[in-house]
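S.K.: Below is the file query_30.cif, which contains mmCIF, C-alpha atoms, pLDDT in the B column; chains and numbers go by the auth columns.
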data_start
loop_
_atom_site.group_PDB
_atom_site.id
_atom_site.type_symbol
_atom_site.label_atom_id
_atom_site.label_comp_id
_atom_site.label_asym_id
_atom_site.label_seq_id
_atom_site.Cartn_x
_atom_site.Cartn_y
_atom_site.Cartn_z
_atom_site.B_iso_or_equiv
_atom_site.auth_seq_id
_atom_site.auth_asym_id
ATOM 1 C CA PHE A 1 142.494 -140.134 69.165 61.00 170 A
ATOM 2 C CA GLU A 2 141.922 -140.591 65.438 58.00 171 A
ATOM 3 C CA HIS A 3 138.636 -140.911 63.568 57.00 172 A
ATOM 4 C CA VAL A 4 137.844 -144.478 62.630 60.00 173 A
ATOM 5 C CA GLN A 5 138.186 -144.424 58.875 55.00 174 A
ATOM 6 C CA TYR A 6 134.973 -146.261 58.073 53.00 175 A
ATOM 7 C CA LEU A 7 132.983 -143.776 60.192 57.00 176 A
ATOM 8 C CA PHE A 8 134.620 -140.550 59.090 53.00 177 A
ATOM 9 C CA ASN A 9 135.782 -141.520 55.614 54.00 178 A
ATOM 10 C CA GLY A 10 136.893 -137.991 54.746 52.00 179 A
ATOM 11 C CA ASP A 11 133.345 -136.602 54.865 53.00 180 A
ATOM 12 C CA SER A 12 133.310 -133.301 56.795 51.00 181 A
ATOM 13 C CA ASN A 13 129.670 -133.938 57.801 53.00 182 A
ATOM 14 C CA ALA A 14 130.244 -137.481 59.032 59.00 183 A
ATOM 15 C CA LYS A 15 130.433 -138.428 62.695 67.00 184 A
ATOM 16 C CA GLN A 16 133.886 -138.451 64.230 76.00 185 A
ATOM 17 C CA PHE A 17 132.874 -140.640 67.212 84.00 186 A
ATOM 18 C CA GLY A 18 131.080 -143.909 67.678 84.00 187 A
ATOM 19 C CA PRO A 19 128.353 -144.419 70.303 86.00 188 A
ATOM 20 C CA PHE A 20 129.324 -144.115 73.964 89.00 189 A
ATOM 21 C CA GLY A 21 129.752 -147.345 75.906 88.00 190 A
ATOM 22 C CA ALA A 22 129.556 -147.392 79.710 90.00 191 A
ATOM 23 C CA PHE A 23 132.404 -149.442 81.208 91.00 192 A
ATOM 24 C CA ASP A 24 132.454 -150.838 84.742 92.00 193 A
ATOM 25 C CA ASN A 25 135.497 -152.752 85.952 92.00 194 A
ATOM 26 C CA SER A 26 136.810 -152.642 82.371 92.00 195 A
ATOM 27 C CA ARG A 27 133.655 -154.318 80.997 93.00 196 A
ATOM 28 C CA CYS A 28 131.161 -152.663 78.669 91.00 197 A
ATOM 29 C CA THR A 29 127.845 -152.801 80.524 91.00 198 A
ATOM 30 C CA ALA A 30 125.587 -150.681 78.300 84.00 199 A
ATOM 31 C CA THR A 31 122.436 -152.354 76.955 83.00 200 A
ATOM 32 C CA HIS A 32 123.606 -152.634 73.358 86.00 201 A
ATOM 33 C CA CYS A 33 127.326 -153.211 73.907 87.00 202 A
ATOM 34 C CA ALA A 34 127.680 -156.366 71.849 88.00 203 A
ATOM 35 C CA SER A 35 125.753 -155.118 68.820 88.00 204 A
ATOM 36 C CA GLU A 36 127.418 -151.684 68.847 84.00 205 A
ATOM 37 C CA LEU A 37 130.893 -153.166 69.174 83.00 206 A
ATOM 38 C CA GLU A 38 130.100 -155.406 66.223 82.00 207 A
ATOM 39 C CA GLU A 39 128.828 -152.477 64.148 80.00 208 A
ATOM 40 C CA PHE A 40 131.268 -149.721 65.159 79.00 209 A
ATOM 41 C CA GLY A 41 134.238 -151.758 66.288 77.00 210 A
ATOM 42 C CA ASN A 42 136.818 -149.927 68.397 82.00 211 A
ATOM 43 C CA ALA A 43 135.753 -146.394 67.604 85.00 212 A
ATOM 44 C CA VAL A 44 136.197 -143.927 70.470 88.00 213 A
ATOM 45 C CA GLY A 45 132.699 -143.213 71.774 89.00 214 A
ATOM 46 C CA CYS A 46 131.229 -140.036 73.214 87.00 215 A
ATOM 47 C CA GLN A 47 128.083 -138.807 74.926 86.00 216 A
ATOM 48 C CA ALA A 48 127.145 -135.240 75.817 82.00 217 A
ATOM 49 C CA VAL A 49 126.047 -135.052 79.466 80.00 218 A
ATOM 50 C CA GLU A 50 122.545 -133.692 80.054 77.00 219 A
ATOM 51 C CA THR A 51 122.829 -129.972 80.821 76.00 220 A
ATOM 52 C CA MET A 52 119.585 -130.038 82.834 80.00 221 A
ATOM 53 C CA TYR A 53 121.468 -131.715 85.687 82.00 222 A
ATOM 54 C CA TYR A 54 124.169 -129.073 86.186 85.00 223 A
ATOM 55 C CA ASN A 55 125.455 -125.755 84.851 86.00 224 A
ATOM 56 C CA TYR A 56 129.012 -126.592 83.860 83.00 225 A
ATOM 57 C CA LYS A 57 129.925 -125.246 80.441 79.00 226 A
ATOM 58 C CA ARG A 58 132.968 -125.762 78.293 73.00 227 A
ATOM 59 C CA GLN A 59 134.301 -123.768 75.383 59.00 228 A
ATOM 60 C CA ALA A 60 134.412 -125.826 72.215 52.00 229 A
ATOM 61 C CA PRO A 61 135.863 -124.697 68.870 52.00 230 A
ATOM 62 C CA THR A 62 132.957 -122.847 67.256 52.00 231 A
ATOM 63 C CA SER A 63 134.024 -123.937 63.796 60.00 232 A
ATOM 64 C CA TYR A 64 133.032 -127.488 64.750 62.00 233 A
ATOM 65 C CA CYS A 65 129.613 -126.641 66.135 68.00 234 A
ATOM 66 C CA ASP A 66 126.374 -125.627 64.519 71.00 235 A
ATOM 67 C CA PRO A 67 124.612 -124.148 66.361 74.00 236 A
ATOM 68 C CA PRO A 68 127.487 -123.231 68.711 72.00 237 A
ATOM 69 C CA ASP A 69 125.249 -123.292 71.807 73.00 238 A
ATOM 70 C CA SER A 70 123.916 -126.809 71.202 74.00 239 A
ATOM 71 C CA PRO A 71 124.330 -129.313 74.085 71.00 240 A
ATOM 72 C CA GLU A 72 126.970 -131.229 72.124 70.00 241 A
ATOM 73 C CA CYS A 73 129.066 -128.072 71.929 75.00 242 A
ATOM 74 C CA VAL A 74 128.774 -126.618 75.433 78.00 243 A
ATOM 75 C CA SER A 75 128.138 -129.519 77.801 80.00 244 A
ATOM 76 C CA GLY A 76 130.568 -131.846 79.492 80.00 245 A
ATOM 77 C CA THR A 77 131.355 -135.030 77.612 84.00 246 A
ATOM 78 C CA TRP A 78 131.802 -138.676 78.496 85.00 247 A
ATOM 79 C CA TYR A 79 134.284 -140.543 76.320 89.00 248 A
ATOM 80 C CA SER A 80 134.654 -144.319 76.076 90.00 249 A
ATOM 81 C CA LEU A 81 137.850 -146.069 75.025 91.00 250 A
ATOM 82 C CA VAL A 82 137.543 -149.699 74.008 90.00 251 A
ATOM 83 C CA GLY A 83 140.103 -151.979 75.603 91.00 252 A
ATOM 84 C CA ALA A 84 140.896 -155.619 75.047 93.00 253 A
ATOM 85 C CA CYS A 85 138.159 -158.231 75.554 94.00 254 A
ATOM 86 C CA PRO A 86 135.581 -155.488 76.274 93.00 255 A
ATOM 87 C CA LEU A 87 132.669 -157.765 77.202 93.00 256 A
ATOM 88 C CA GLU A 88 134.488 -159.322 80.159 94.00 257 A
ATOM 89 C CA SER A 89 135.397 -157.727 83.508 94.00 258 A
ATOM 90 C CA LEU A 90 139.018 -156.993 84.358 92.00 259 A
ATOM 91 C CA TYR A 91 139.899 -160.233 86.115 92.00 260 A
ATOM 92 C CA LYS A 92 137.980 -162.454 83.678 94.00 261 A
ATOM 93 C CA LYS A 93 139.873 -161.359 80.579 95.00 262 A
ATOM 94 C CA THR A 94 141.734 -164.423 79.340 95.00 263 A
ATOM 95 C CA GLU A 95 144.750 -164.231 77.053 95.00 264 A
ATOM 96 C CA GLU A 96 142.709 -165.980 74.377 95.00 265 A
ATOM 97 C CA CYS A 97 139.956 -163.367 74.643 94.00 266 A
ATOM 98 C CA LYS A 98 142.447 -160.490 74.553 93.00 267 A
ATOM 99 C CA GLN A 99 144.039 -161.913 71.420 93.00 268 A
ATOM 100 C CA GLN A 100 140.669 -162.406 69.746 92.00 269 A
ATOM 101 C CA TYR A 101 139.414 -158.938 70.746 91.00 270 A
ATOM 102 C CA PRO A 102 142.523 -156.745 71.098 92.00 271 A
ATOM 103 C CA SER A 103 142.574 -153.207 72.443 91.00 272 A
ATOM 104 C CA SER A 104 142.497 -150.309 69.987 89.00 273 A
ATOM 105 C CA ARG A 105 145.066 -148.408 72.066 92.00 274 A
ATOM 106 C CA CYS A 106 148.301 -147.829 70.181 91.00 275 A
ATOM 107 C CA HIS A 107 151.302 -145.500 70.073 91.00 276 A
ATOM 108 C CA ASP A 108 150.355 -143.485 66.987 90.00 277 A
ATOM 109 C CA PRO A 109 146.609 -143.646 66.165 88.00 278 A
ATOM 110 C CA ASP A 110 145.871 -143.909 62.462 85.00 279 A
ATOM 111 C CA GLY A 111 142.119 -144.577 62.427 81.00 280 A
ATOM 112 C CA THR A 112 142.312 -148.251 61.567 81.00 281 A
ATOM 113 C CA PRO A 113 140.041 -150.471 63.716 76.00 282 A
ATOM 114 C CA GLY A 114 142.928 -151.621 65.909 81.00 283 A
ATOM 115 C CA CYS A 115 144.570 -148.231 66.371 87.00 284 A
ATOM 116 C CA THR A 116 142.152 -145.474 67.355 87.00 285 A
ATOM 117 C CA TYR A 117 143.600 -143.849 70.495 90.00 286 A
ATOM 118 C CA ALA A 118 146.731 -143.307 72.558 91.00 287 A
ATOM 119 C CA VAL A 119 146.965 -142.610 76.295 89.00 288 A
ATOM 120 C CA ARG A 120 149.615 -140.858 78.325 87.00 289 A
ATOM 121 C CA TYR A 121 149.727 -139.621 81.903 86.00 290 A
ATOM 122 C CA ALA A 122 148.955 -135.917 82.164 86.00 291 A
ATOM 123 C CA GLY A 123 148.694 -135.304 85.911 88.00 292 A
ATOM 124 C CA GLN A 124 145.787 -135.536 88.332 90.00 293 A
ATOM 125 C CA VAL A 125 144.125 -133.876 91.300 91.00 294 A
ATOM 126 C CA SER A 126 141.702 -135.402 93.786 89.00 295 A
ATOM 127 C CA LEU A 127 138.246 -133.916 94.276 88.00 296 A
ATOM 128 C CA ASP A 128 138.476 -134.864 97.955 87.00 297 A
ATOM 129 C CA GLU A 129 140.992 -132.039 98.299 86.00 298 A
ATOM 130 C CA PHE A 130 138.286 -129.515 97.405 88.00 299 A
ATOM 131 C CA VAL A 131 135.403 -131.202 99.179 89.00 300 A
ATOM 132 C CA GLY A 132 137.409 -131.354 102.414 86.00 301 A
ATOM 133 C CA ILE A 133 137.443 -135.107 102.972 88.00 302 A
ATOM 134 C CA PRO A 134 140.826 -136.265 104.310 86.00 303 A
ATOM 135 C CA ASN A 135 139.678 -139.866 104.709 88.00 304 A
ATOM 136 C CA TYR A 136 136.483 -140.956 102.975 85.00 305 A
ATOM 137 C CA GLU A 137 135.992 -144.103 105.069 86.00 306 A
ATOM 138 C CA THR A 138 135.993 -142.248 108.404 89.00 307 A
ATOM 139 C CA TRP A 139 134.198 -139.206 106.958 90.00 308 A
ATOM 140 C CA TRP A 140 130.935 -141.042 106.318 86.00 309 A
ATOM 141 C CA GLN A 141 131.228 -143.713 108.992 87.00 310 A
ATOM 142 C CA ASN A 142 132.613 -143.413 112.517 83.00 311 A
ATOM 143 C CA GLY A 143 133.382 -146.932 113.696 78.00 312 A
ATOM 144 C CA THR A 144 130.203 -148.871 112.954 80.00 313 A
ATOM 145 C CA ALA A 145 127.772 -145.933 112.917 86.00 314 A
ATOM 146 C CA PRO A 146 127.170 -143.512 110.020 90.00 315 A
ATOM 147 C CA THR A 147 128.256 -139.938 110.694 91.00 316 A
ATOM 148 C CA GLY A 148 125.396 -138.430 108.694 91.00 317 A
ATOM 149 C CA ASN A 149 127.822 -136.846 106.251 93.00 318 A
ATOM 150 C CA ILE A 150 126.902 -136.930 102.586 92.00 319 A
ATOM 151 C CA GLU A 151 128.656 -135.191 99.719 92.00 320 A
ATOM 152 C CA TYR A 152 125.487 -134.199 97.895 93.00 321 A
ATOM 153 C CA GLU A 153 121.760 -134.946 97.981 94.00 322 A
ATOM 154 C CA VAL A 154 119.735 -134.137 94.871 92.00 323 A
ATOM 155 C CA THR A 155 116.398 -133.326 96.524 94.00 324 A
ATOM 156 C CA THR A 156 117.910 -130.706 98.859 96.00 325 A
ATOM 157 C CA ASP A 157 120.615 -129.589 96.409 96.00 326 A
ATOM 158 C CA MET A 158 123.010 -129.628 99.358 96.00 327 A
ATOM 159 C CA GLY A 159 125.600 -131.753 101.097 95.00 328 A
ATOM 160 C CA ASN A 160 125.925 -132.490 104.785 93.00 329 A
ATOM 161 C CA GLY A 161 129.439 -132.070 106.151 92.00 330 A
ATOM 162 C CA THR A 162 130.546 -130.249 103.002 93.00 331 A
ATOM 163 C CA THR A 163 129.147 -127.444 100.869 94.00 332 A
ATOM 164 C CA PHE A 164 131.378 -127.944 97.841 94.00 333 A
ATOM 165 C CA TRP A 165 128.675 -129.426 95.577 95.00 334 A
ATOM 166 C CA ASN A 166 125.790 -127.176 96.688 96.00 335 A
ATOM 167 C CA ASP A 167 123.809 -125.281 94.035 96.00 336 A
ATOM 168 C CA ARG A 168 124.436 -127.563 91.071 93.00 337 A
ATOM 169 C CA LEU A 169 122.385 -125.347 88.738 92.00 338 A
ATOM 170 C CA SER A 170 124.179 -122.135 89.689 94.00 339 A
ATOM 171 C CA LYS A 171 126.364 -120.943 86.826 89.00 340 A
ATOM 172 C CA SER A 172 128.672 -119.015 89.180 93.00 341 A
ATOM 173 C CA GLU A 173 129.073 -121.943 91.621 94.00 342 A
ATOM 174 C CA CYS A 174 129.733 -124.436 88.828 91.00 343 A
ATOM 175 C CA SER A 175 132.239 -122.072 87.260 89.00 344 A
ATOM 176 C CA SER A 176 133.946 -121.591 90.636 93.00 345 A
ATOM 177 C CA ARG A 177 134.316 -125.334 91.107 93.00 346 A
ATOM 178 C CA MET A 178 135.847 -125.711 87.663 89.00 347 A
ATOM 179 C CA GLN A 179 138.291 -122.861 88.276 91.00 348 A
ATOM 180 C CA GLN A 180 139.370 -124.339 91.615 92.00 349 A
ATOM 181 C CA VAL A 181 140.221 -127.635 89.936 91.00 350 A
ATOM 182 C CA LEU A 182 142.078 -125.942 87.082 90.00 351 A
ATOM 183 C CA GLY A 183 143.903 -123.665 89.523 92.00 352 A
ATOM 184 C CA LEU A 184 145.185 -126.527 91.681 92.00 353 A
ATOM 185 C CA PHE A 185 146.195 -128.510 88.602 92.00 354 A
ATOM 186 C CA ALA A 186 148.177 -125.534 87.275 92.00 355 A
ATOM 187 C CA LYS A 187 149.874 -125.100 90.659 93.00 356 A
ATOM 188 C CA ARG A 188 150.789 -128.768 90.935 92.00 357 A
ATOM 189 C CA TYR A 189 151.902 -129.178 87.315 93.00 358 A
ATOM 190 C CA PRO A 190 153.260 -125.776 86.212 93.00 359 A
ATOM 191 C CA SER A 191 154.985 -127.242 83.158 92.00 360 A
ATOM 192 C CA LEU A 192 151.755 -128.745 81.783 88.00 361 A
ATOM 193 C CA PRO A 193 148.823 -126.930 80.167 86.00 362 A
ATOM 194 C CA LYS A 194 146.044 -126.651 82.736 80.00 363 A
ATOM 195 C CA ASP A 195 143.357 -127.177 80.106 79.00 364 A
ATOM 196 C CA LEU A 196 143.179 -128.692 76.643 76.00 365 A
ATOM 197 C CA PRO A 197 140.599 -128.210 73.908 72.00 366 A
ATOM 198 C CA ASP A 198 138.387 -131.242 73.442 72.00 367 A
ATOM 199 C CA PRO A 199 136.352 -132.018 70.333 73.00 368 A
ATOM 200 C CA PRO A 200 132.568 -131.683 70.578 71.00 369 A
ATOM 201 C CA CYS A 201 130.537 -134.869 70.693 76.00 370 A
ATOM 202 C CA LEU A 202 129.517 -134.889 67.044 73.00 371 A
#
Can you give me the file's structure in the form of structure tokens?
M.R.:
Amino acid sequence: FEHVQYLFNGDSNAKQFGPFGAFDNSRCTATHCASELEEFGNAVGCQAVETMYYNYKRQAPTSYCDPPDSPECVSGTWYSLVGACPLESLYKKTEECKQQYPSSRCHDPDGTPGCTYAVRYAGQVSLDEFVGIPNYETWWQNGTAPTGNIEYEVTTDMGNGTTFWNDRLSKSECSSRMQQVLGLFAKRYPSLPKDLPDPPCL
């Protein structure tokens, strides 16, 4: 991605991201979507995930972070990428709307409002492979009756039918889950880097 010029504007202390927008079915559903899109345009948004809910940590470039252990520097991050006609759901986006509100995806991002990010396929793994769910539909429901299986329940900090997500606040368990995902990705895509540095949500 590239900083939106009117946000960053060459100032090393300026924000490099706009506000995060939650998208469901390709539609921005956050409370202030319309006003934030009007103010910030097609800037890539970010939001640091609350660290009180888990113990996953990432290594961010320390030169970007002050202090380096702040939530924005060590927590996971949600990113939002603004597509065409962002206030309408996927199957309600008309050609007229897409022309009036075009996507900011482009081949070579330059930071102008209509060209802030590029996307390319970089491989994928399914979490079901780690959780041990070969078929999600039959795993939680057998015919017409529920099986009682559940991936994770917050109040017990456990799953039923799988233990993969147990102990969400355990640093060692969270680290193990991350390493399992990275390990399988590296095995499946040996020619690709298994991890990439991502900018802190600043």
S.K.: Just checking: using all atoms listed in the file, which residue out of A:Asn211, A:Gln268, A:Thr307, A:Ser295 ends up closest to A:Phe189?
M.R.: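 The closest residue to A:Phe189 is A:Asn211.
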S.K.: Could you state the separation of atom CA of A:Gln349 and atom CA of A:Gln310 in Å, given to one decimal place?
M.R.: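 Answer for the atom CA of A:Gln349 to atom CA of A:Gln310 separation: 27.3 Å.
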S.K.: Between A:Ser258, A:Thr246, A:Gln216, A:Ser239, which one has atoms that come closest to A:Asn194, using all atoms listed in the file?
M.R.: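 Of the candidates, the smallest distance to A:Asn194 is held by A:Ser258.
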S.K.: Find, counting all atoms listed in the file, the residue in A:Gly301, A:Gly312, A:Gly283, A:Pro369 that gets nearest to A:Gly328.
M.R.: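 For A:Gly328, the nearest of the given residues is A:Gly301.
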S.K.: Can you work out the spacing between atom CA of A:His276 and atom CA of A:Val288 in Å, to one decimal?
M.R.: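 Pair atom CA of A:His276 / atom CA of A:Val288 returns 8.1 Å.
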S.K.: How many Å lie between atom CA of A:Gln348 and atom CA of A:Leu365, rounded to one decimal?
M.R.: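 Those two atoms sit 13.9 Å apart.
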S.K.: Evaluating the PyMOL selection byres ((chain A and resi 240) around 12) on the displayed file yields which residues, as a PyMOL selection string?
M.R.: chain A and resi 216-221+224-229+234-239+241-246+369-371
S.K.: Excluding A:Gly352 and its own-chain neighbours fewer than 5 positions away, which residues fall within 9 Å of it when counting all atoms listed in the file? Please give them as an MDAnalysis selection string.
M.R.: chainID A and resid 347 357 363
S.K.: Any chance you could resolve the PyMOL selection byres ((chain A and resi 212) around 9) against this file and give the residues as a ChimeraX atom specification?
M.R.: /A:171-173,176,185-188,206,209-211,213-214,249-251,273,280,282,285-286
S.K.: Could you write out that same residue set with C-alpha atoms as a PDB file, in the frame of the given file?
M.R.:
ATOM      1  CA  GLU A 171     141.922-140.591  65.438  1.00 58.00           C
ATOM      2  CA  HIS A 172     138.636-140.911  63.568  1.00 57.00           C
ATOM      3  CA  VAL A 173     137.844-144.478  62.630  1.00 60.00           C
ATOM      4  CA  LEU A 176     132.983-143.776  60.192  1.00 57.00           C
ATOM      5  CA  GLN A 185     133.886-138.451  64.230  1.00 76.00           C
ATOM      6  CA  PHE A 186     132.874-140.640  67.212  1.00 84.00           C
ATOM      7  CA  GLY A 187     131.080-143.909  67.678  1.00 84.00           C
ATOM      8  CA  PRO A 188     128.353-144.419  70.303  1.00 86.00           C
ATOM      9  CA  LEU A 206     130.893-153.166  69.174  1.00 83.00           C
ATOM     10  CA  PHE A 209     131.268-149.721  65.159  1.00 79.00           C
ATOM     11  CA  GLY A 210     134.238-151.758  66.288  1.00 77.00           C
ATOM     12  CA  ASN A 211     136.818-149.927  68.397  1.00 82.00           C
ATOM     13  CA  VAL A 213     136.197-143.927  70.470  1.00 88.00           C
ATOM     14  CA  GLY A 214     132.699-143.213  71.774  1.00 89.00           C
ATOM     15  CA  SER A 249     134.654-144.319  76.076  1.00 90.00           C
ATOM     16  CA  LEU A 250     137.850-146.069  75.025  1.00 91.00           C
ATOM     17  CA  VAL A 251     137.543-149.699  74.008  1.00 90.00           C
ATOM     18  CA  SER A 273     142.497-150.309  69.987  1.00 89.00           C
ATOM     19  CA  GLY A 280     142.119-144.577  62.427  1.00 81.00           C
ATOM     20  CA  PRO A 282     140.041-150.471  63.716  1.00 76.00           C
ATOM     21  CA  THR A 285     142.152-145.474  67.355  1.00 87.00           C
ATOM     22  CA  TYR A 286     143.600-143.849  70.495  1.00 90.00           C
TER      23      TYR A 286
END
S.K.: Ranking A:Val300, A:Ala253, A:Asp364, A:Lys261 by minimum distance to A:Asn335 and counting only C-alpha atoms, which one comes first?
M.R.: A:Val300
S.K.: Using only C-alpha atoms, pick whichever of A:Tyr270, A:Tyr248, A:Tyr358, A:Tyr223 has the shortest atom-to-atom distance to A:Glu207.
M.R.: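 Residue with the minimum atom-to-atom distance to A:Glu207: A:Tyr270.
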S.K.: Give me the residues near A:Cys197 as a PyMOL selection string, where near means some atom within 7 Å (using all atoms listed in the file) and where sequence neighbours in that chain fewer than 5 positions away do not count.
M.R.: chain A and resi 190-192+202+255-256
